[in-house]
$ cat input.csv   # CSV, C-alpha atoms and all ligand atoms
chain,number,residue,atom,x,y,z
A,1,MET,CA,-7.9,12.1,14.0
A,2,SER,CA,-7.7,13.9,10.7
A,3,ARG,CA,-4.1,14.8,9.7
A,4,ILE,CA,-2.9,16.6,6.6
A,5,LEU,CA,-1.3,14.0,4.5
A,6,PRO,CA,2.0,14.5,2.8
A,7,LEU,CA,0.3,14.1,-0.6
A,8,GLN,CA,-2.3,16.7,0.4
A,9,LYS,CA,0.5,19.1,1.1
A,10,ARG,CA,1.5,18.6,-2.5
A,11,GLY,CA,-2.0,19.4,-3.7
A,12,LEU,CA,-3.3,15.9,-4.4
A,13,ALA,CA,-6.8,15.0,-3.2
A,14,ALA,CA,-5.5,12.0,-1.3
A,15,THR,CA,-7.8,10.0,1.1
A,16,PRO,CA,-6.5,8.4,4.3
A,17,LEU,CA,-7.6,5.0,2.9
A,18,ILE,CA,-6.6,3.5,-0.4
A,19,TYR,CA,-8.3,0.6,-2.0
A,20,GLY,CA,-5.7,-2.0,-3.0
A,21,CYS,CA,-6.7,-3.9,-6.2
A,22,MET,CA,-4.4,-6.9,-5.8
A,23,GLY,CA,-7.3,-9.2,-5.1
A,24,LEU,CA,-9.2,-8.3,-8.2
A,25,GLY,CA,-9.0,-10.0,-11.6
A,26,GLY,CA,-9.7,-13.6,-10.5
A,27,ALA,CA,-7.5,-16.1,-8.7
A,28,ASP,CA,-5.0,-16.9,-11.4
A,29,TRP,CA,-1.7,-15.0,-11.0
A,30,SER,CA,-0.4,-16.1,-14.4
A,31,GLY,CA,-3.1,-14.0,-16.1
A,32,ARG,CA,-3.8,-16.8,-18.5
A,33,THR,CA,-7.4,-17.4,-17.4
A,34,PRO,CA,-9.6,-14.8,-19.1
A,35,LEU,CA,-11.6,-12.5,-16.9
A,36,SER,CA,-15.1,-13.9,-16.1
A,37,GLN,CA,-18.3,-12.0,-15.6
A,38,ALA,CA,-18.0,-12.8,-11.9
A,39,ASP,CA,-14.5,-11.2,-11.7
A,40,ILE,CA,-15.9,-8.0,-13.3
A,41,LYS,CA,-18.9,-8.0,-11.0
A,42,GLU,CA,-16.6,-8.4,-8.1
A,43,ALA,CA,-14.5,-5.4,-9.2
A,44,HIS,CA,-17.7,-3.3,-9.5
A,45,GLU,CA,-18.8,-4.2,-6.1
A,46,ALA,CA,-15.5,-3.6,-4.4
A,47,VAL,CA,-15.1,-0.2,-6.1
A,48,ASP,CA,-18.6,0.7,-5.1
A,49,ALA,CA,-18.0,-0.3,-1.5
A,50,ALA,CA,-14.8,1.6,-1.4
A,51,LEU,CA,-16.3,4.8,-2.9
A,52,SER,CA,-19.3,4.5,-0.5
A,53,ILE,CA,-16.9,4.9,2.5
A,54,GLY,CA,-15.1,7.8,0.9
A,55,ILE,CA,-12.1,6.1,-0.7
A,56,HIS,CA,-11.1,7.9,-3.8
A,57,PHE,CA,-7.6,6.4,-4.3
A,58,PHE,CA,-6.9,3.1,-6.0
A,59,ASP,CA,-3.7,1.1,-5.9
A,60,HIS,CA,-2.6,-1.3,-8.6
A,61,ALA,CA,0.5,-3.0,-9.9
A,62,ASN,CA,1.1,-4.4,-13.4
A,63,ILE,CA,1.8,-7.8,-11.8
A,64,TYR,CA,-1.5,-8.2,-10.0
A,65,LYS,CA,-2.9,-11.3,-11.7
A,66,SER,CA,-0.4,-10.5,-14.4
A,67,GLY,CA,-2.5,-7.5,-15.5
A,68,ASN,CA,-6.0,-8.9,-14.9
A,69,ALA,CA,-6.6,-6.8,-11.9
A,70,GLU,CA,-6.1,-3.7,-14.0
A,71,LYS,CA,-8.3,-5.1,-16.8
A,72,ALA,CA,-11.1,-5.8,-14.3
A,73,PHE,CA,-10.8,-2.2,-13.0
A,74,SER,CA,-11.0,-0.9,-16.6
A,75,TYR,CA,-14.6,-2.3,-16.8
A,76,VAL,CA,-15.6,-0.2,-13.8
A,77,LEU,CA,-14.0,2.9,-15.5
A,78,LYS,CA,-15.7,2.1,-18.8
A,79,GLU,CA,-19.1,2.0,-17.2
A,80,ARG,CA,-18.5,5.2,-15.2
A,81,PRO,CA,-16.4,7.5,-17.4
A,82,SER,CA,-16.6,10.4,-15.0
A,83,LEU,CA,-14.9,8.3,-12.3
A,84,ARG,CA,-11.4,8.7,-13.7
A,85,SER,CA,-11.2,12.4,-12.9
A,86,GLU,CA,-12.7,11.9,-9.4
A,87,ILE,CA,-10.1,9.4,-8.2
A,88,LEU,CA,-6.3,9.1,-7.9
A,89,LEU,CA,-5.0,6.1,-9.8
A,90,GLN,CA,-1.7,4.6,-8.8
A,91,SER,CA,0.1,1.6,-10.3
A,92,LYS,CA,3.6,0.0,-9.9
A,93,CYS,CA,6.2,-1.6,-12.1
A,94,GLY,CA,9.6,-3.1,-11.8
A,95,ILE,CA,8.9,-6.7,-10.8
A,96,ARG,CA,9.2,-9.0,-13.8
A,97,PHE,CA,7.7,-12.5,-13.7
A,98,ALA,CA,9.1,-15.3,-15.8
A,99,ASP,CA,8.8,-14.5,-19.5
A,100,GLU,CA,10.5,-15.1,-22.8
A,101,GLN,CA,13.7,-13.6,-21.5
A,102,ALA,CA,14.0,-15.7,-18.3
A,103,SER,CA,12.2,-18.5,-16.5
A,104,PHE,CA,12.3,-16.8,-13.0
A,105,THR,CA,11.0,-13.6,-11.3
A,106,ARG,CA,13.5,-10.7,-11.1
A,107,PHE,CA,13.3,-7.0,-10.7
A,108,ASP,CA,14.0,-4.6,-13.6
A,109,PHE,CA,14.4,-0.8,-13.4
A,110,SER,CA,15.9,-0.4,-16.8
A,111,LYS,CA,14.5,2.5,-18.8
A,112,GLU,CA,13.1,0.3,-21.5
A,113,TYR,CA,11.3,-2.0,-19.1
A,114,ILE,CA,9.8,0.9,-17.1
A,115,LEU,CA,8.5,2.5,-20.3
A,116,HIS,CA,7.2,-0.8,-21.6
A,117,CYS,CA,5.4,-1.5,-18.3
A,118,VAL,CA,3.7,1.9,-18.2
A,119,ASP,CA,2.4,1.6,-21.7
A,120,GLY,CA,0.9,-1.8,-20.7
A,121,ILE,CA,-0.7,-0.4,-17.5
A,122,LEU,CA,-2.3,2.5,-19.4
A,123,GLN,CA,-3.6,0.2,-22.1
A,124,ARG,CA,-5.1,-2.3,-19.6
A,125,LEU,CA,-6.7,0.3,-17.5
A,126,GLY,CA,-7.9,2.2,-20.5
A,127,VAL,CA,-6.7,5.5,-19.3
A,128,ASP,CA,-4.3,8.2,-20.6
A,129,TYR,CA,-2.3,8.8,-17.5
A,130,LEU,CA,-1.5,7.6,-14.0
A,131,ASP,CA,-1.6,9.9,-11.1
A,132,ILE,CA,1.3,8.1,-9.4
A,133,LEU,CA,3.7,5.4,-10.6
A,134,LEU,CA,5.7,3.4,-8.0
A,135,LEU,CA,8.8,1.3,-8.4
A,136,HIS,CA,7.6,-1.9,-6.8
A,137,ARG,CA,10.7,-3.4,-5.1
A,138,PRO,CA,14.3,-2.3,-5.2
A,139,ASP,CA,16.3,-3.6,-8.1
A,140,PRO,CA,19.9,-4.4,-7.1
A,141,LEU,CA,21.0,-3.6,-10.6
A,142,VAL,CA,19.4,-0.2,-10.6
A,143,GLU,CA,21.1,2.6,-12.5
A,144,PRO,CA,19.5,5.8,-11.3
A,145,GLU,CA,20.2,7.5,-14.6
A,146,GLU,CA,18.0,4.9,-16.4
A,147,VAL,CA,15.2,5.5,-14.0
A,148,ALA,CA,15.6,9.2,-14.4
A,149,ALA,CA,15.5,8.9,-18.2
A,150,ALA,CA,12.3,6.8,-18.0
A,151,PHE,CA,10.6,9.2,-15.5
A,152,ASP,CA,11.5,12.2,-17.8
A,153,ILE,CA,9.9,10.6,-20.8
A,154,LEU,CA,6.8,9.5,-18.9
A,155,GLN,CA,6.3,12.9,-17.4
A,156,GLN,CA,6.9,14.8,-20.6
A,157,ALA,CA,4.5,12.5,-22.5
A,158,GLY,CA,1.8,13.2,-19.8
A,159,LYS,CA,1.6,9.5,-19.0
A,160,VAL,CA,2.6,9.8,-15.3
A,161,ARG,CA,2.1,12.9,-13.0
A,162,TRP,CA,3.9,11.9,-9.9
A,163,PHE,CA,6.5,9.2,-9.0
A,164,GLY,CA,7.2,7.1,-5.9
A,165,VAL,CA,8.6,3.9,-4.7
A,166,SER,CA,7.7,0.8,-2.6
A,167,ASN,CA,9.5,-1.3,-0.1
A,168,MET,CA,12.5,1.0,-0.1
A,169,SER,CA,14.7,2.4,2.7
A,170,GLY,CA,15.6,6.1,3.0
A,171,SER,CA,19.1,5.5,1.6
A,172,GLN,CA,17.7,3.7,-1.4
A,173,ILE,CA,15.5,6.7,-2.2
A,174,GLU,CA,18.4,9.1,-1.7
A,175,PHE,CA,20.4,7.0,-4.1
A,176,LEU,CA,17.7,7.2,-6.8
A,177,LYS,CA,17.7,11.0,-6.3
A,178,THR,CA,21.3,11.2,-7.4
A,179,ALA,CA,19.8,11.2,-10.9
A,180,VAL,CA,16.0,11.5,-10.6
A,181,VAL,CA,14.8,15.1,-10.6
A,182,GLN,CA,11.1,14.5,-10.0
A,183,PRO,CA,10.1,14.4,-6.3
A,184,ILE,CA,9.6,11.0,-4.9
A,185,VAL,CA,6.2,11.4,-3.3
A,186,VAL,CA,5.3,7.9,-2.0
A,187,ASN,CA,6.9,5.0,-0.2
A,188,GLN,CA,4.7,2.0,0.2
A,189,LEU,CA,5.7,-0.6,2.9
A,190,GLU,CA,4.1,-3.4,4.9
A,191,MET,CA,3.0,-1.9,8.2
A,192,SER,CA,0.3,-3.0,10.6
A,193,LEU,CA,-0.2,-4.0,14.2
A,194,LEU,CA,1.1,-7.4,13.2
A,195,HIS,CA,4.0,-6.1,11.2
A,196,HIS,CA,4.9,-3.4,13.7
A,197,ASP,CA,8.7,-3.5,13.4
A,198,PHE,CA,8.5,0.0,11.8
A,199,VAL,CA,7.9,1.2,15.3
A,200,ASN,CA,10.2,-1.3,17.0
A,201,VAL,CA,13.3,-0.3,15.0
A,202,GLY,CA,12.9,3.3,16.2
A,203,ILE,CA,13.2,2.3,19.9
A,204,ASN,CA,15.7,-0.5,19.5
A,205,ILE,CA,18.7,1.8,19.0
A,206,ASN,CA,21.5,0.5,21.1
A,207,ARG,CA,19.5,-2.7,21.9
A,208,GLN,CA,19.3,-6.1,20.4
A,209,PRO,CA,16.6,-6.0,17.7
A,210,ALA,CA,13.7,-8.3,18.3
A,211,ILE,CA,13.5,-11.4,16.1
A,212,GLY,CA,11.6,-10.5,12.9
A,213,ASP,CA,12.5,-6.7,13.0
A,214,ILE,CA,13.3,-6.2,9.4
A,215,PHE,CA,12.1,-2.7,8.8
A,216,PRO,CA,15.0,-0.4,7.7
A,217,GLU,CA,15.7,1.9,10.6
A,218,GLY,CA,15.4,5.6,9.7
A,219,THR,CA,12.9,5.1,6.9
A,220,ILE,CA,10.0,6.7,8.7
A,221,GLU,CA,12.1,9.7,9.7
A,222,TYR,CA,13.5,10.0,6.1
A,223,CYS,CA,10.0,10.1,4.7
A,224,ARG,CA,8.8,12.6,7.2
A,225,THR,CA,11.7,14.8,6.6
A,226,HIS,CA,11.2,14.8,2.9
A,227,ASN,CA,7.4,15.0,2.9
A,228,ILE,CA,7.1,11.5,1.4
A,229,GLN,CA,3.7,9.8,1.7
A,230,ILE,CA,4.0,6.5,3.6
A,231,GLN,CA,1.4,4.0,2.4
A,232,ALA,CA,0.9,0.9,4.6
A,233,TRP,CA,0.2,-2.3,2.7
A,234,GLY,CA,-1.3,-5.2,4.6
A,235,PRO,CA,-3.0,-2.9,7.2
A,236,LEU,CA,-5.7,-5.5,8.1
A,237,ALA,CA,-2.8,-7.9,8.9
A,238,GLN,CA,-4.3,-10.1,6.1
A,239,GLY,CA,-7.1,-11.0,8.5
A,240,ALA,CA,-4.8,-12.4,11.2
A,241,TYR,CA,-6.9,-10.8,14.0
A,242,THR,CA,-10.3,-11.2,12.3
A,243,GLY,CA,-10.6,-14.8,11.4
A,244,ALA,CA,-8.6,-15.4,8.2
A,245,GLN,CA,-7.1,-18.3,10.2
A,246,ASN,CA,-8.4,-20.1,13.2
A,247,LEU,CA,-7.6,-17.8,16.1
A,248,ALA,CA,-7.5,-20.7,18.6
A,249,GLU,CA,-4.5,-22.0,16.8
A,250,ALA,CA,-2.7,-18.6,16.5
A,251,PRO,CA,0.3,-17.7,18.7
A,252,PRO,CA,-0.7,-16.4,22.1
A,253,VAL,CA,0.4,-12.8,21.3
A,254,VAL,CA,-1.9,-12.8,18.3
A,255,GLN,CA,-4.8,-14.1,20.4
A,256,LYS,CA,-4.2,-11.4,23.1
A,257,THR,CA,-4.0,-8.7,20.5
A,258,ALA,CA,-7.2,-9.9,18.8
A,259,ALA,CA,-8.9,-9.7,22.2
A,260,LYS,CA,-7.5,-6.2,22.9
A,261,LEU,CA,-8.7,-5.1,19.5
A,262,SER,CA,-12.2,-6.4,20.2
A,263,GLU,CA,-12.2,-4.5,23.5
A,264,TYR,CA,-11.3,-1.3,21.7
A,265,ALA,CA,-13.9,-1.9,19.0
A,266,GLU,CA,-16.6,-2.3,21.6
A,267,LYS,CA,-15.5,0.7,23.6
A,268,LYS,CA,-15.4,2.9,20.4
A,269,HIS,CA,-18.6,1.4,18.9
A,270,THR,CA,-16.9,0.3,15.8
A,271,THR,CA,-15.2,-2.7,14.2
A,272,VAL,CA,-11.8,-4.4,14.7
A,273,GLU,CA,-10.9,-3.5,11.1
A,274,SER,CA,-11.5,0.2,11.8
A,275,ILE,CA,-9.4,0.1,15.0
A,276,LEU,CA,-6.6,-1.7,13.2
A,277,ILE,CA,-6.4,1.1,10.6
A,278,ALA,CA,-7.0,3.9,13.1
A,279,TRP,CA,-3.9,2.7,14.9
A,280,LEU,CA,-1.9,3.3,11.7
A,281,LEU,CA,-3.5,6.7,11.0
A,282,ARG,CA,-2.7,7.9,14.5
A,283,HIS,CA,1.0,7.9,13.6
A,284,PRO,CA,2.1,11.5,13.0
A,285,ALA,CA,3.7,10.6,9.7
A,286,GLY,CA,0.2,10.8,8.2
A,287,ILE,CA,0.1,7.2,6.9
A,288,GLN,CA,-2.3,6.0,4.3
A,289,ALA,CA,-3.7,2.5,4.7
A,290,VAL,CA,-4.0,0.4,1.5
A,291,ILE,CA,-6.8,-2.1,2.3
A,292,GLY,CA,-6.9,-5.2,0.1
A,293,THR,CA,-10.0,-7.2,0.9
A,294,ARG,CA,-12.4,-8.0,-1.9
A,295,ASN,CA,-15.1,-8.7,0.6
A,296,LYS,CA,-17.7,-6.0,0.6
A,297,GLU,CA,-18.6,-6.3,4.3
A,298,ARG,CA,-14.9,-6.1,5.2
A,299,ILE,CA,-14.4,-3.0,3.1
A,300,LEU,CA,-17.4,-1.4,4.8
A,301,ALA,CA,-16.0,-2.4,8.2
A,302,CYS,CA,-13.1,0.0,7.6
A,303,LYS,CA,-15.4,3.1,7.4
A,304,ASP,CA,-14.8,4.6,10.8
A,305,ALA,CA,-11.1,4.4,10.7
A,306,ALA,CA,-10.4,8.0,9.9
A,307,ASN,CA,-12.8,9.3,12.5
A,308,ILE,CA,-11.5,7.3,15.5
A,309,GLU,CA,-9.5,9.2,18.1
A,310,LEU,CA,-6.9,7.1,19.8
A,311,SER,CA,-5.1,8.7,22.7
A,312,ARG,CA,-1.3,8.2,23.1
A,313,GLU,CA,-2.0,5.7,25.9
A,314,GLU,CA,-4.5,3.7,23.7
A,315,TRP,CA,-2.0,3.7,20.8
A,316,TYR,CA,0.8,2.4,23.1
A,317,ASP,CA,-1.6,-0.1,24.7
A,318,LEU,CA,-2.3,-1.7,21.3
A,319,TRP,CA,1.3,-1.7,20.3
A,320,ILE,CA,2.7,-3.1,23.5
A,321,THR,CA,0.1,-5.9,23.4
A,322,ALA,CA,1.1,-6.7,19.8
A,323,ARG,CA,4.8,-6.6,20.7
A,324,GLY,CA,4.1,-9.1,23.4
A,325,GLU,CA,6.7,-7.5,25.7
A,326,PRO,CA,6.8,-4.4,27.8
A,327,MET,CA,8.7,-1.2,26.8
A,328,PRO,CA,12.5,-1.2,27.4
B,1,LIG,N1,3.9,-2.7,-2.4
B,1,LIG,C1,3.8,-4.0,-2.2
B,1,LIG,O1,4.8,-4.7,-2.2
B,1,LIG,C2,2.5,-4.6,-1.8
B,1,LIG,C3,2.5,-6.0,-1.4
B,1,LIG,C4,1.2,-6.5,-1.1
B,1,LIG,C5,0.1,-5.7,-1.3
B,1,LIG,N2,0.2,-4.4,-1.7
B,1,LIG,C6,-1.0,-3.6,-1.8
B,1,LIG,O2,-1.7,-3.5,-0.6
B,1,LIG,C7,-3.0,-4.0,-0.7
B,1,LIG,C8,-3.4,-4.6,0.6
B,1,LIG,O3,-2.5,-5.7,0.9
B,1,LIG,P1,-3.0,-7.0,1.6
B,1,LIG,O4,-4.1,-7.6,0.8
B,1,LIG,O5,-1.8,-7.8,2.0
B,1,LIG,O6,-3.7,-6.3,2.9
B,1,LIG,P2,-4.8,-6.5,3.9
B,1,LIG,O7,-5.9,-5.5,3.6
B,1,LIG,O8,-4.2,-6.5,5.3
B,1,LIG,O9,-5.4,-8.0,3.7
B,1,LIG,C9,-6.4,-8.3,2.8
B,1,LIG,C10,-6.3,-9.8,2.5
B,1,LIG,O10,-6.5,-10.5,3.8
B,1,LIG,C11,-7.7,-11.2,3.6
B,1,LIG,N3,-8.6,-11.1,4.8
B,1,LIG,C12,-8.7,-9.9,5.6
B,1,LIG,N4,-9.5,-10.2,6.6
B,1,LIG,C13,-10.0,-11.4,6.4
B,1,LIG,C14,-10.9,-12.3,7.2
B,1,LIG,N5,-11.5,-11.8,8.3
B,1,LIG,N6,-11.1,-13.5,6.8
B,1,LIG,C15,-10.5,-13.9,5.7
B,1,LIG,N7,-9.6,-13.2,4.9
B,1,LIG,C16,-9.4,-12.0,5.3
B,1,LIG,C17,-8.4,-10.7,2.4
B,1,LIG,O11,-9.2,-11.7,1.8
B,1,LIG,P3,-10.7,-11.3,1.2
B,1,LIG,O12,-10.4,-10.6,-0.1
B,1,LIG,O13,-11.3,-12.6,1.0
B,1,LIG,O14,-11.3,-10.4,2.2
B,1,LIG,C18,-7.3,-10.3,1.5
B,1,LIG,O15,-6.7,-11.4,0.8
B,1,LIG,C19,-3.0,-4.9,-1.9
B,1,LIG,O16,-4.3,-5.0,-2.5
B,1,LIG,C20,-2.1,-4.1,-2.8
B,1,LIG,O17,-2.7,-3.1,-3.5
B,1,LIG,C21,1.4,-3.9,-2.0
$ encode --input "input.csv" --output "structure tokens"
Amino acid sequence: MSRILPLQKRGLAATPLIYGCMGLGGADWSGRTPLSQADIKEAHEAVDAALSIGIHFFDHANIYKSGNAEKAFSYVLKERPSLRSEILLQSKCGIRFADEQASFTRFDFSKEYILHCVDGILQRLGVDYLDILLLHRPDPLVEPEEVAAAFDILQQAGKVRWFGVSNMSGSQIEFLKTAVVQPIVVNQLEMSLLHHDFVNVGININRQPAIGDIFPEGTIEYCRTHNIQIQAWGPLAQGAYTGAQNLAEAPPVVQKTAAKLSEYAEKKHTTVESILIAWLLRHPAGIQAVIGTRNKERILACKDAANIELSREEWYDLWITARGEPMP
């Protein structure tokens, strides 16, 4: 089912699928291992596969392989200079790995750190601007005025066009807005048939929450009310239903859901990956799915997702199976 996405309502040429670049840039998260020719080839192949199924939206974060994911992507842009204007480029900042200031990871939404991060992102990607900058995870020490000052500078310098957040509740976004004047246009959260607590929390009002329901209640409604684009990270459930781990050793509910997904894939003449994403896209919030596989075949397996029609009953059937318990 094709829906008008919240970002499209704001005039951005957003596609329902986003290619998440966390897997690019080699295996070393410290970023100390220099990029290899194989890493660069892998980036080319992943981007080509994504473009071939109509994805024109790429998601980064400055921490992905400590910058090496962005560097790997820059080689693709260098080889195809016209690509920059044909895609939407998003990155994130705010998570700070161990460095000369501290030996542990923490979050940092200070004005100086946000500005420092964006300069690094632009330099590594080899671009002049980001279409969207997200704050990666809520910083408990956030001062909305600091974020506002950083956003103003970035916008006025033409370095960032739009701003958003990631892993935040509606009330955290509302708090930022006490000082930030730019619209918050994106909230990126983990959502999938496996991590389906974003649906559970909406029906568990007045009930005991299920174990593992950690999604902040009201977030979906907040984003829908304020035309904020919800982006689902982990939409393929990190391969839980498609063989990343041995299914025979998976919990019974995962095995049953995998079987149900295969049934739907067969019935709709498509792949399990496309059904998994179609389930997210069926939600009326107009969710975007951020797929993160580097595997070319798995990227191509997502190609039908936006064209699959799931009825209300089919959508519920998948969710109830993944819940492992009937509706209240
Ligand atoms: N905002 C945030 O806090 C946040 C957090 C995490 C991720 N993200 C973004 O979301 C994107 C997607 O996240 P994700 O990678 O967790 O989501 P995903 O698309 O659900 O999972 C992709 C991961 O699962 C593996 N996988 C999938 N199917 C598999 C199979 N059949 N067999 C073996 N491995 C399989 C992939 O490995 P292969 O590459 O080998 O296929 C890859 O590591 C990331 O790239 C990033 O852009 C955002």
$ residues_near_ligand --input "input.csv" --ligand "ligand LIG 1 (chain B)" --cutoff "9 Å" --atoms "all atoms listed in the file" --output "PyMOL selection string"
chain A and resi 18-24+58-61+64+91-92+134-137+165-167+187-190+192+231-245+273+289-299
$ residues_around --input "input.csv" --residues "Leu89 of chain A" --least-positions-apart "6" --cutoff "12 Å" --atoms "all atoms listed in the file" --output "ChimeraX atom specification"
/A:12-15,18-21,55-61,70,73-74,77,83,121-122,125-134,159-163
$ closest_residue --input "input.csv" --among "A:Ala248, A:Ile53, A:Ala301, A:Leu193" --to "Leu318 of chain A" --atoms "only C-alpha atoms"
A:Leu193
$ atom_distance --input "input.csv" --atom1 "atom CA of Thr178 of chain A" --atom2 "atom CA of Arg96 of chain A"
24.4 Å
$ residues_around --input "input.csv" --residues "Asp213 of chain A" --least-positions-apart "5" --cutoff "8 Å" --atoms "all atoms listed in the file" --output "list in words"
Asp197, Phe198, Asn200 and Val201 of chain A
$ residues_near_point --input "input.csv" --point "(-14.1, -5.1, -11.1)" --cutoff "12 Å" --atoms "all atoms listed in the file" --output "ChimeraX atom specification"
/A:21-26,35-50,68-80,125,294
$ decode --input "input.csv" --residues "segment 168-190 of chain A" --atoms "N, CA and C atoms" --output "PDB file, in the first residue's frame"
ATOM      1  N   MET A 168      13.692   8.406  20.891  1.00  0.00           N
ATOM      2  CA  MET A 168      13.128   9.361  21.863  1.00  0.00           C
ATOM      3  C   MET A 168      11.632   9.184  22.009  1.00  0.00           C
ATOM      4  N   SER A 169      11.148   9.516  23.199  1.00  0.00           N
ATOM      5  CA  SER A 169       9.703   9.508  23.454  1.00  0.00           C
ATOM      6  C   SER A 169       9.117  10.857  23.028  1.00  0.00           C
ATOM      7  N   GLY A 170       7.801  10.909  22.942  1.00  0.00           N
ATOM      8  CA  GLY A 170       7.131  12.167  22.603  1.00  0.00           C
ATOM      9  C   GLY A 170       7.475  13.266  23.601  1.00  0.00           C
ATOM     10  N   SER A 171       7.527  12.918  24.889  1.00  0.00           N
ATOM     11  CA  SER A 171       7.785  13.978  25.890  1.00  0.00           C
ATOM     12  C   SER A 171       9.222  14.484  25.785  1.00  0.00           C
ATOM     13  N   GLN A 172      10.153  13.633  25.384  1.00  0.00           N
ATOM     14  CA  GLN A 172      11.535  14.106  25.210  1.00  0.00           C
ATOM     15  C   GLN A 172      11.637  15.068  24.022  1.00  0.00           C
ATOM     16  N   ILE A 173      10.867  14.763  22.972  1.00  0.00           N
ATOM     17  CA  ILE A 173      10.853  15.669  21.803  1.00  0.00           C
ATOM     18  C   ILE A 173      10.210  17.006  22.206  1.00  0.00           C
ATOM     19  N   GLU A 174       9.117  16.910  22.943  1.00  0.00           N
ATOM     20  CA  GLU A 174       8.422  18.117  23.387  1.00  0.00           C
ATOM     21  C   GLU A 174       9.360  18.986  24.240  1.00  0.00           C
ATOM     22  N   PHE A 175      10.174  18.334  25.055  1.00  0.00           N
ATOM     23  CA  PHE A 175      11.115  19.071  25.901  1.00  0.00           C
ATOM     24  C   PHE A 175      12.156  19.804  25.043  1.00  0.00           C
ATOM     25  N   LEU A 176      12.672  19.115  24.010  1.00  0.00           N
ATOM     26  CA  LEU A 176      13.635  19.784  23.124  1.00  0.00           C
ATOM     27  C   LEU A 176      13.020  21.021  22.493  1.00  0.00           C
ATOM     28  N   LYS A 177      11.732  20.886  22.167  1.00  0.00           N
ATOM     29  CA  LYS A 177      11.039  21.979  21.466  1.00  0.00           C
ATOM     30  C   LYS A 177      10.807  23.214  22.352  1.00  0.00           C
ATOM     31  N   THR A 178      11.139  23.113  23.655  1.00  0.00           N
ATOM     32  CA  THR A 178      11.038  24.314  24.489  1.00  0.00           C
ATOM     33  C   THR A 178      12.058  25.363  24.040  1.00  0.00           C
ATOM     34  N   ALA A 179      13.102  24.896  23.318  1.00  0.00           N
ATOM     35  CA  ALA A 179      14.101  25.863  22.833  1.00  0.00           C
ATOM     36  C   ALA A 179      14.353  25.749  21.330  1.00  0.00           C
ATOM     37  N   VAL A 180      14.226  24.550  20.803  1.00  0.00           N
ATOM     38  CA  VAL A 180      14.539  24.348  19.376  1.00  0.00           C
ATOM     39  C   VAL A 180      13.396  24.897  18.519  1.00  0.00           C
ATOM     40  N   VAL A 181      13.724  25.718  17.546  1.00  0.00           N
ATOM     41  CA  VAL A 181      12.655  26.313  16.718  1.00  0.00           C
ATOM     42  C   VAL A 181      12.444  25.546  15.404  1.00  0.00           C
ATOM     43  N   GLN A 182      13.462  24.828  14.956  1.00  0.00           N
ATOM     44  CA  GLN A 182      13.312  24.057  13.725  1.00  0.00           C
ATOM     45  C   GLN A 182      12.351  22.894  13.991  1.00  0.00           C
ATOM     46  N   PRO A 183      11.538  22.511  12.994  1.00  0.00           N
ATOM     47  CA  PRO A 183      10.681  21.349  13.232  1.00  0.00           C
ATOM     48  C   PRO A 183      11.513  20.082  13.403  1.00  0.00           C
ATOM     49  N   ILE A 184      11.074  19.224  14.305  1.00  0.00           N
ATOM     50  CA  ILE A 184      11.690  17.895  14.456  1.00  0.00           C
ATOM     51  C   ILE A 184      10.931  17.005  13.478  1.00  0.00           C
ATOM     52  N   VAL A 185      11.635  16.522  12.444  1.00  0.00           N
ATOM     53  CA  VAL A 185      10.908  15.864  11.346  1.00  0.00           C
ATOM     54  C   VAL A 185      11.022  14.344  11.348  1.00  0.00           C
ATOM     55  N   VAL A 186      11.929  13.795  12.155  1.00  0.00           N
ATOM     56  CA  VAL A 186      12.139  12.336  12.163  1.00  0.00           C
ATOM     57  C   VAL A 186      12.310  11.846  13.599  1.00  0.00           C
ATOM     58  N   ASN A 187      11.789  10.673  13.885  1.00  0.00           N
ATOM     59  CA  ASN A 187      12.154   9.930  15.101  1.00  0.00           C
ATOM     60  C   ASN A 187      12.448   8.495  14.663  1.00  0.00           C
ATOM     61  N   GLN A 188      13.679   8.037  14.885  1.00  0.00           N
ATOM     62  CA  GLN A 188      14.077   6.677  14.467  1.00  0.00           C
ATOM     63  C   GLN A 188      14.112   5.769  15.689  1.00  0.00           C
ATOM     64  N   LEU A 189      13.393   4.648  15.599  1.00  0.00           N
ATOM     65  CA  LEU A 189      13.238   3.743  16.751  1.00  0.00           C
ATOM     66  C   LEU A 189      13.321   2.299  16.287  1.00  0.00           C
ATOM     67  N   GLU A 190      13.647   1.391  17.194  1.00  0.00           N
ATOM     68  CA  GLU A 190      13.656  -0.022  16.792  1.00  0.00           C
ATOM     69  C   GLU A 190      12.218  -0.547  16.751  1.00  0.00           C
TER      70      GLU A 190
END
